[in-house]
Amino acid sequence: MTYIVNDACIECKYTDCVEVCPVDCFYEGENMLVIHPDECIDCGVCEPECPADAIRPDTEPDMEKWVEFNRKYSEMWPVIISKKDEMPNAAERDGEEGKMKYFSEAPGEGG
């Protein structure tokens with residue numbers, strides 16, 4: 001099993017999860033994070049840390065697409081190992097439906 005980040009993270013990009021991850025398996029895109037499914041050790045400490053409820057176990061229904069999404073982008077984006085400020089409009093976008101329209105494949109700022 002692994003954990004994934006879904007579209008609830010888009011345009012929020014809270015990084016509370018990054019601080020608690022013992023294996024540094026989060027990767028940063030321009031407006032969201034992903035988890036590398038082969039690096040995640042299934043400890044689950046990140047899930048309750050996400051204010052947007054964007055981290056879910058892959059055992060939930062219809063998660064296969066999110067596992068592959070997370071795999072694809074974790075291999076393209078830089079690793080993130082420390083907490084950063086959330087997106088400027090995170091409070092407005094948190095809980096919004098249909099956030100894939102905001103998705104950007106651009107890598108994060110790193111660092």
# chains A, B, ... in the order shown; residues from 1 in each chain; ligands from 1
call {"tool": "residues_around", "arguments": {"residues": "Glu64 in chain A", "least_positions_apart": "6", "cutoff": "10 Å", "atoms": "only C-alpha atoms", "output": "number ranges by chain"}}
result
A: 4, 58, 70
call {"tool": "write_last_selection", "arguments": {"atoms": "N, CA and C atoms", "output": "tab-separated table (two decimals), in the first residue's frame"}}
result
chain	number	residue	atom	x	y	z
A	4	ILE	N	-1.36	8.55	-1.66
A	4	ILE	CA	-1.31	9.39	-2.86
A	4	ILE	C	-1.80	10.79	-2.51
A	58	ASP	N	-4.06	4.32	-1.05
A	58	ASP	CA	-4.39	3.78	-2.37
A	58	ASP	C	-5.39	2.62	-2.31
A	70	ASN	N	0.66	10.21	-9.38
A	70	ASN	CA	1.72	10.52	-8.42
A	70	ASN	C	3.07	9.97	-8.89
call {"tool": "residues_around", "arguments": {"residues": "Val5 in chain A", "least_positions_apart": "5", "cutoff": "8 Å", "atoms": "only C-alpha atoms", "output": "PDB file with C-alpha atoms, in the first residue's frame"}}
result
ATOM      1  CA  LEU A  33       2.586  18.017  -4.338  1.00  0.00           C
ATOM      2  CA  VAL A  34       2.731  14.298  -5.144  1.00  0.00           C
ATOM      3  CA  ILE A  35       4.045  11.216  -3.322  1.00  0.00           C
ATOM      4  CA  ALA A  54      -5.734  15.607  -0.268  1.00  0.00           C
ATOM      5  CA  ILE A  55      -3.724  12.613   0.969  1.00  0.00           C
ATOM      6  CA  ARG A  56      -5.501   9.279   0.737  1.00  0.00           C
ATOM      7  CA  TRP A  66      -3.913   8.654  -8.671  1.00  0.00           C
ATOM      8  CA  ASN A  70       1.719  10.517  -8.421  1.00  0.00           C
TER       9      ASN A  70
END
call {"tool": "select_by_dssp", "arguments": {"residues": "range 24-70 of chain A", "states": "helix (DSSP H, G or I)", "output": "PDB file with C-alpha atoms, in the first residue's frame"}}
result
ATOM      1  CA  GLU A  47      -2.544  11.922   5.961  1.00  0.00           C
ATOM      2  CA  PRO A  48      -3.859  13.691   9.097  1.00  0.00           C
ATOM      3  CA  GLU A  49      -1.441  16.607   8.538  1.00  0.00           C
ATOM      4  CA  GLU A  64      -5.238   3.456  -9.475  1.00  0.00           C
ATOM      5  CA  LYS A  65      -5.292   6.623 -11.599  1.00  0.00           C
ATOM      6  CA  TRP A  66      -3.913   8.654  -8.671  1.00  0.00           C
ATOM      7  CA  VAL A  67      -1.125   6.161  -8.013  1.00  0.00           C
ATOM      8  CA  GLU A  68      -0.017   6.513 -11.642  1.00  0.00           C
ATOM      9  CA  PHE A  69      -0.462  10.305 -11.542  1.00  0.00           C
ATOM     10  CA  ASN A  70       1.719  10.517  -8.421  1.00  0.00           C
TER      11      ASN A  70
END
call {"tool": "atom_distance", "arguments": {"atom1": "CA of Ala90 in chain A", "atom2": "CA of Gly29 in chain A"}}
result
15.0 Å
call {"tool": "select_by_dssp", "arguments": {"residues": "chain A", "states": "strand (DSSP E)", "output": "PyMOL selection string"}}
result
chain A and resi 3-5+26-28+33-35+55-57
call {"tool": "write_last_selection", "arguments": {"atoms": "N, CA and C atoms", "output": "mmCIF file, in the first residue's frame"}}
result
data_model
loop_
_atom_site.group_PDB
_atom_site.id
_atom_site.type_symbol
_atom_site.label_atom_id
_atom_site.label_comp_id
_atom_site.auth_asym_id
_atom_site.auth_seq_id
_atom_site.Cartn_x
_atom_site.Cartn_y
_atom_site.Cartn_z
ATOM 1 N N TYR A 3 0.375 5.871 -0.071
ATOM 2 C CA TYR A 3 -0.521 7.022 -0.007
ATOM 3 C C TYR A 3 -0.332 7.828 -1.281
ATOM 4 N N ILE A 4 -1.363 8.551 -1.665
ATOM 5 C CA ILE A 4 -1.311 9.389 -2.861
ATOM 6 C C ILE A 4 -1.801 10.790 -2.506
ATOM 7 N N VAL A 5 -1.466 11.736 -3.357
ATOM 8 C CA VAL A 5 -2.012 13.081 -3.265
ATOM 9 C C VAL A 5 -2.977 13.222 -4.432
ATOM 10 N N PHE A 26 7.872 13.195 -0.891
ATOM 11 C CA PHE A 26 7.021 14.204 -1.518
ATOM 12 C C PHE A 26 7.815 14.963 -2.578
ATOM 13 N N TYR A 27 7.133 15.280 -3.665
ATOM 14 C CA TYR A 27 7.731 16.009 -4.780
ATOM 15 C C TYR A 27 6.849 17.200 -5.094
ATOM 16 N N GLU A 28 7.494 18.305 -5.491
ATOM 17 C CA GLU A 28 6.795 19.576 -5.610
ATOM 18 C C GLU A 28 6.636 20.031 -7.050
ATOM 19 N N LEU A 33 1.575 19.003 -4.700
ATOM 20 C CA LEU A 33 2.586 18.017 -4.338
ATOM 21 C C LEU A 33 2.122 16.643 -4.798
ATOM 22 N N VAL A 34 3.054 15.707 -4.912
ATOM 23 C CA VAL A 34 2.731 14.298 -5.144
ATOM 24 C C VAL A 34 3.636 13.458 -4.248
ATOM 25 N N ILE A 35 3.269 12.188 -4.091
ATOM 26 C CA ILE A 35 4.045 11.216 -3.322
ATOM 27 C C ILE A 35 4.572 10.164 -4.286
ATOM 28 N N ILE A 55 -4.540 13.823 0.887
ATOM 29 C CA ILE A 55 -3.724 12.613 0.969
ATOM 30 C C ILE A 55 -4.628 11.454 1.363
ATOM 31 N N ARG A 56 -4.620 10.425 0.528
ATOM 32 C CA ARG A 56 -5.501 9.279 0.737
ATOM 33 C C ARG A 56 -4.716 7.985 0.541
ATOM 34 N N PRO A 57 -5.134 6.894 1.202
ATOM 35 C CA PRO A 57 -4.499 5.597 0.957
ATOM 36 C C PRO A 57 -4.938 5.050 -0.407
#
